[in-house]
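Presented below is the structure to which this report refers.
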Amino acid sequence: MIEWYQDLLQAIDELANQKLRTLLTLLGMIFGVGAVIAMLSVGEGAEREALQIIDTMGLRNILVKSKPTPDDMLAEIREESMGLNLQDLEAARDTLPFLTGYTALKRVRIYSQFSQFGKSDAQVLGVSPTHFDMANLEVAGGRPLTQLDAAGYAQNCVIGPRTAHDLFGNRDPIGGMVKVNHLWFTVVGVLADNRTEQTEFEGVKLQSNRNKIFVPIETALKRFQFKTMEEELDEFHIQLAEGVDSNRAAQTLSRLLTTRHRGVDDFELVVPEALLEQHRKTQNIFNIVMSAIAGISLLVGGIGIMNIMLANVLERTREIGIRRAIGATQKDIQRLFLIEAFAISFFGGLLGILLGFLIARVIAAYSGWATAWSSTAVVLSVGVCAAIGLVFGIYPAMKAARLDPIEALRHD
Amino acid sequence: MIKVHDLKKAYVMGDITVRALDGVSFEVAPNDFVAIMGSSGSGKSTLLNLLGCLDTPSGGSYILRGHEVSTMNDDRLARIRNKEIGFVFQTFNLLPRSSALDNVALPLIYSRISRDERNKRAGKMLQMVGLGDRMDHRPSEMSGGQRQRVAVARALINDPAIILADEPTGNLDSTTSKEIMDLFVNLHRRGNTVVMVTHEEEIAAYCHRVIRMRDGKIMTDERRPIEEVSA
């Protein structure tokens, strides 16, 4: 151990003596590792964001959305299919045994909404009380909508954080009144702010909950006006029991609805679990490509180390001869140079980690992509660096060790 | 101390085999002070490399302090070089970026001796060669004579059986040469065994035994009484 420590001190001395050369060699490692760390941070960030998005859809849920029907064909289509409706939901509930929860959604057409203090352009959604649980919506203040609100056609609402700000400024919105079209609603809850700003995920449009007004769907369907022949529901979501294959459940549900809609293609299914899988596949491709690039940079860094170590061995040939003459074994010489290579790659790796996080920060700031610190990435990079130092350092070190002492002593 | 019998070294250069050393036999007793002389190509450097365990012979035997050296592997040779042999070179061969103290202490690193002990012993040795006030100087900050003193201190640090010097004054002016030779004479008086390669008669005159070589063979091996040695 003492020898390793001694050699490390000597190596650091030697590297400090050759500042420019050391710096240039370090740069190779720094950029290589920086690329790896930045790549993994972006990947990790994307993964976490995906999970967050999926969380708002509910990983165990299947979303059924109505497709818009062209107005000129509406009358024709309605002879076959009524569009998405509550009976569909009931049928699903009654026939699918693996269904543990459901929520129905209806968008309300708005011409005005305001409070005593301000105006809002929030979207108004009629939802089942179960919606809050199923979509993992957290209430920051007040309470979510309940079965009591639903049963009593209550004119209560839960609003998004931005809506709360638009309508009430910095005042406490709980208990405040909002007029939506012709009806007054009492605010009973405000949603927590979820940070996802993405508007699309794997081709599915996402809507932020920041600017929304949630009212009981019963109230919405009964009290607001809808167009003639408009479908009753815009969406409904069902929750699957644990262990149920969501793709197969979606197929069953799709068959049921297709039959009920007499083959009219006026709805679509979104399976968050499948989306996540799809996302992971794309992410995997991204990761593989980036890993390859990062791997090449590390390789280049490693070759740089080998190059510099070979030059180093050549330059210090005489020193090697001297050391051999006064009693250094081949192993002693090999260790001396190996440790130097190891030191370069190790310190390069450490600096590279810093650079990587810096790059990740910059990417996050300019592109809006989420990035996240990943401890795996750090451990991986340091390990890979150490390995590179050893792998690319071993050849020059062996070359140094095998020099003939007499030849080495004669070297100028 | 040293017993060399029928020592041979041949190099193959293309089609020609060069017999650099062609059956050399002699003994070196403890406290001998030997000069090996000869023109270039006489085999004196080859002999010195073999005596210094930097090279292995093609034939014959070399016994150093009772150990047969000619058949040792590389690691054991390194150990012999470290413990039993002190080298002094014509070109000093110090590490340019290390201080005098570190240069002198270097062999002790390969004897696995702790840093404190190394520095203590190297300091003493530098004082002995008269450079107690130059310990932190680098070779480039010292004169040729001072550098060679550092090299001598390094050769002595592990208390070797024999000191091998290869033209130790070859790069020095006559005044400094005399200083260095006085140092060797001193070492000899203190009981060290010295074998020196030189082509200068004035330098050989310090030694009490002169071996002359030609074409890989020993031509003459003369002893002089110590009293006659000029000093």
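Just remember, in the structure tokens the first chain shown is A, the second B, etc., residues are 1-based per chain, and ligands are 1-based in the order shown.
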Report task. DSSP on the backbone, then: every residue of region 7-68 of chain A marked strand (DSSP E), written as a PyMOL selection string. Result -> chain A and resi 61-66
Let me see the file: selected residues, N, CA, C and O atoms, as a CSV table (one decimal), in the first residue's frame.
chain,number,residue,atom,x,y,z
A,61,ASN,N,-54.8,2.7,-15.3
A,61,ASN,CA,-56.1,3.2,-16.0
A,61,ASN,C,-56.1,2.9,-17.5
A,61,ASN,O,-55.0,2.7,-18.1
A,62,ILE,N,-57.3,2.8,-18.0
A,62,ILE,CA,-57.4,2.9,-19.5
A,62,ILE,C,-58.3,4.1,-19.8
A,62,ILE,O,-59.4,4.3,-19.1
A,63,LEU,N,-57.9,5.0,-20.7
A,63,LEU,CA,-58.6,6.2,-21.0
A,63,LEU,C,-59.4,6.0,-22.3
A,63,LEU,O,-58.8,5.5,-23.3
A,64,VAL,N,-60.7,6.2,-22.2
A,64,VAL,CA,-61.5,6.1,-23.5
A,64,VAL,C,-61.9,7.6,-23.9
A,64,VAL,O,-62.4,8.3,-23.0
A,65,LYS,N,-61.5,8.0,-25.1
A,65,LYS,CA,-61.8,9.4,-25.5
A,65,LYS,C,-62.6,9.3,-26.7
A,65,LYS,O,-62.4,8.5,-27.6
A,66,SER,N,-63.6,10.3,-26.8
A,66,SER,CA,-64.4,10.3,-28.0
A,66,SER,C,-63.6,11.0,-29.1
A,66,SER,O,-62.9,12.0,-28.8
**Report entry** In region 35-225 of chain B, DSSP alpha helix (DSSP H) residues written as a PyMOL selection string
**Finding:** chain B and resi 44-51+74-84+100-109+115-128+144-156+174-189+201-204
Requested in this report: Determine, counting only C-alpha atoms, which protein, DNA and RNA residues have an atom within 7 Å of an atom of Leu7 (chain B); residues of the same chain fewer than 2 positions away are not included. Present the result as a list of chain:residue names.
Outcome: B:Val4, B:His5, B:Lys9, B:Leu21, B:Asp22, B:Gly23, B:Val24, B:Ser25, B:Pro57, B:Gly59, B:Gly60, B:Ser61
Requested in this report: Name all residues at most 8 Å from Val188 (chain A) (count only C-alpha atoms; drop same-chain ones fewer than 4 positions away) and give them as a PyMOL selection string.
Outcome: chain A and resi 142-145+156-158+174-175
For the residues selected in the previous step, produce a file with all heavy atoms as a PDB file, in the first residue's frame.
ATOM      1  N   GLY A 142     -58.569  22.981   0.827  1.00  0.00           N
ATOM      2  CA  GLY A 142     -59.976  22.585   0.747  1.00  0.00           C
ATOM      3  C   GLY A 142     -60.103  21.094   0.576  1.00  0.00           C
ATOM      4  O   GLY A 142     -59.328  20.321   1.131  1.00  0.00           O
ATOM      5  N   ARG A 143     -61.073  20.645  -0.246  1.00  0.00           N
ATOM      6  CA  ARG A 143     -61.326  19.210  -0.402  1.00  0.00           C
ATOM      7  C   ARG A 143     -61.652  18.904  -1.852  1.00  0.00           C
ATOM      8  O   ARG A 143     -62.000  19.814  -2.614  1.00  0.00           O
ATOM      9  CB  ARG A 143     -62.507  18.817   0.491  1.00  0.00           C
ATOM     10  CG  ARG A 143     -63.799  19.575   0.123  1.00  0.00           C
ATOM     11  CD  ARG A 143     -65.011  18.954   0.790  1.00  0.00           C
ATOM     12  NE  ARG A 143     -66.237  19.692   0.509  1.00  0.00           N
ATOM     13  CZ  ARG A 143     -67.001  19.486  -0.552  1.00  0.00           C
ATOM     14  NH1 ARG A 143     -66.628  18.616  -1.480  1.00  0.00           N
ATOM     15  NH2 ARG A 143     -68.121  20.175  -0.724  1.00  0.00           N
ATOM     16  N   PRO A 144     -61.495  17.646  -2.280  1.00  0.00           N
ATOM     17  CA  PRO A 144     -61.946  17.295  -3.630  1.00  0.00           C
ATOM     18  C   PRO A 144     -63.476  17.193  -3.659  1.00  0.00           C
ATOM     19  O   PRO A 144     -64.138  17.324  -2.628  1.00  0.00           O
ATOM     20  CB  PRO A 144     -61.293  15.934  -3.872  1.00  0.00           C
ATOM     21  CG  PRO A 144     -61.015  15.374  -2.520  1.00  0.00           C
ATOM     22  CD  PRO A 144     -60.856  16.525  -1.570  1.00  0.00           C
ATOM     23  N   LEU A 145     -64.041  16.965  -4.851  1.00  0.00           N
ATOM     24  CA  LEU A 145     -65.488  16.753  -4.970  1.00  0.00           C
ATOM     25  C   LEU A 145     -65.830  15.382  -4.395  1.00  0.00           C
ATOM     26  O   LEU A 145     -65.008  14.468  -4.416  1.00  0.00           O
ATOM     27  CB  LEU A 145     -65.908  16.828  -6.440  1.00  0.00           C
ATOM     28  CG  LEU A 145     -65.697  18.199  -7.080  1.00  0.00           C
ATOM     29  CD1 LEU A 145     -65.972  18.137  -8.586  1.00  0.00           C
ATOM     30  CD2 LEU A 145     -66.591  19.259  -6.425  1.00  0.00           C
ATOM     31  N   ASN A 156     -70.731  22.993  -6.629  1.00  0.00           N
ATOM     32  CA  ASN A 156     -69.406  23.177  -6.020  1.00  0.00           C
ATOM     33  C   ASN A 156     -68.359  22.881  -7.066  1.00  0.00           C
ATOM     34  O   ASN A 156     -68.590  22.109  -7.994  1.00  0.00           O
ATOM     35  CB  ASN A 156     -69.229  22.198  -4.847  1.00  0.00           C
ATOM     36  CG  ASN A 156     -70.131  22.574  -3.683  1.00  0.00           C
ATOM     37  OD1 ASN A 156     -70.559  23.717  -3.564  1.00  0.00           O
ATOM     38  ND2 ASN A 156     -70.421  21.580  -2.848  1.00  0.00           N
ATOM     39  N   CYS A 157     -67.183  23.469  -6.906  1.00  0.00           N
ATOM     40  CA  CYS A 157     -66.117  23.195  -7.873  1.00  0.00           C
ATOM     41  C   CYS A 157     -64.753  23.157  -7.204  1.00  0.00           C
ATOM     42  O   CYS A 157     -64.554  23.710  -6.130  1.00  0.00           O
ATOM     43  CB  CYS A 157     -66.132  24.228  -9.006  1.00  0.00           C
ATOM     44  SG  CYS A 157     -65.674  25.882  -8.471  1.00  0.00           S
ATOM     45  N   VAL A 158     -63.816  22.436  -7.882  1.00  0.00           N
ATOM     46  CA  VAL A 158     -62.408  22.446  -7.485  1.00  0.00           C
ATOM     47  C   VAL A 158     -61.654  23.089  -8.649  1.00  0.00           C
ATOM     48  O   VAL A 158     -61.927  22.782  -9.804  1.00  0.00           O
ATOM     49  CB  VAL A 158     -61.895  21.006  -7.256  1.00  0.00           C
ATOM     50  CG1 VAL A 158     -60.386  20.986  -7.034  1.00  0.00           C
ATOM     51  CG2 VAL A 158     -62.624  20.378  -6.067  1.00  0.00           C
ATOM     52  N   ILE A 174     -60.908  29.352  -1.329  1.00  0.00           N
ATOM     53  CA  ILE A 174     -61.875  28.411  -0.736  1.00  0.00           C
ATOM     54  C   ILE A 174     -63.064  29.203  -0.210  1.00  0.00           C
ATOM     55  O   ILE A 174     -62.918  30.172   0.535  1.00  0.00           O
ATOM     56  CB  ILE A 174     -61.229  27.607   0.418  1.00  0.00           C
ATOM     57  CG1 ILE A 174     -59.903  26.968  -0.020  1.00  0.00           C
ATOM     58  CG2 ILE A 174     -62.214  26.567   0.957  1.00  0.00           C
ATOM     59  CD1 ILE A 174     -60.025  25.919  -1.095  1.00  0.00           C
ATOM     60  N   GLY A 175     -64.247  28.760  -0.634  1.00  0.00           N
ATOM     61  CA  GLY A 175     -65.464  29.454  -0.211  1.00  0.00           C
ATOM     62  C   GLY A 175     -65.846  30.578  -1.160  1.00  0.00           C
ATOM     63  O   GLY A 175     -66.951  31.111  -1.101  1.00  0.00           O
TER      64      GLY A 175
END
Query raised in the report: Near chain A, which residues of chain B fall within 10 Å when you count only C-alpha atoms, and what do they look like as a ChimeraX atom specification?
Result: /B:46,49,52-55,74-87,89,91-98,106-115,154-155,158
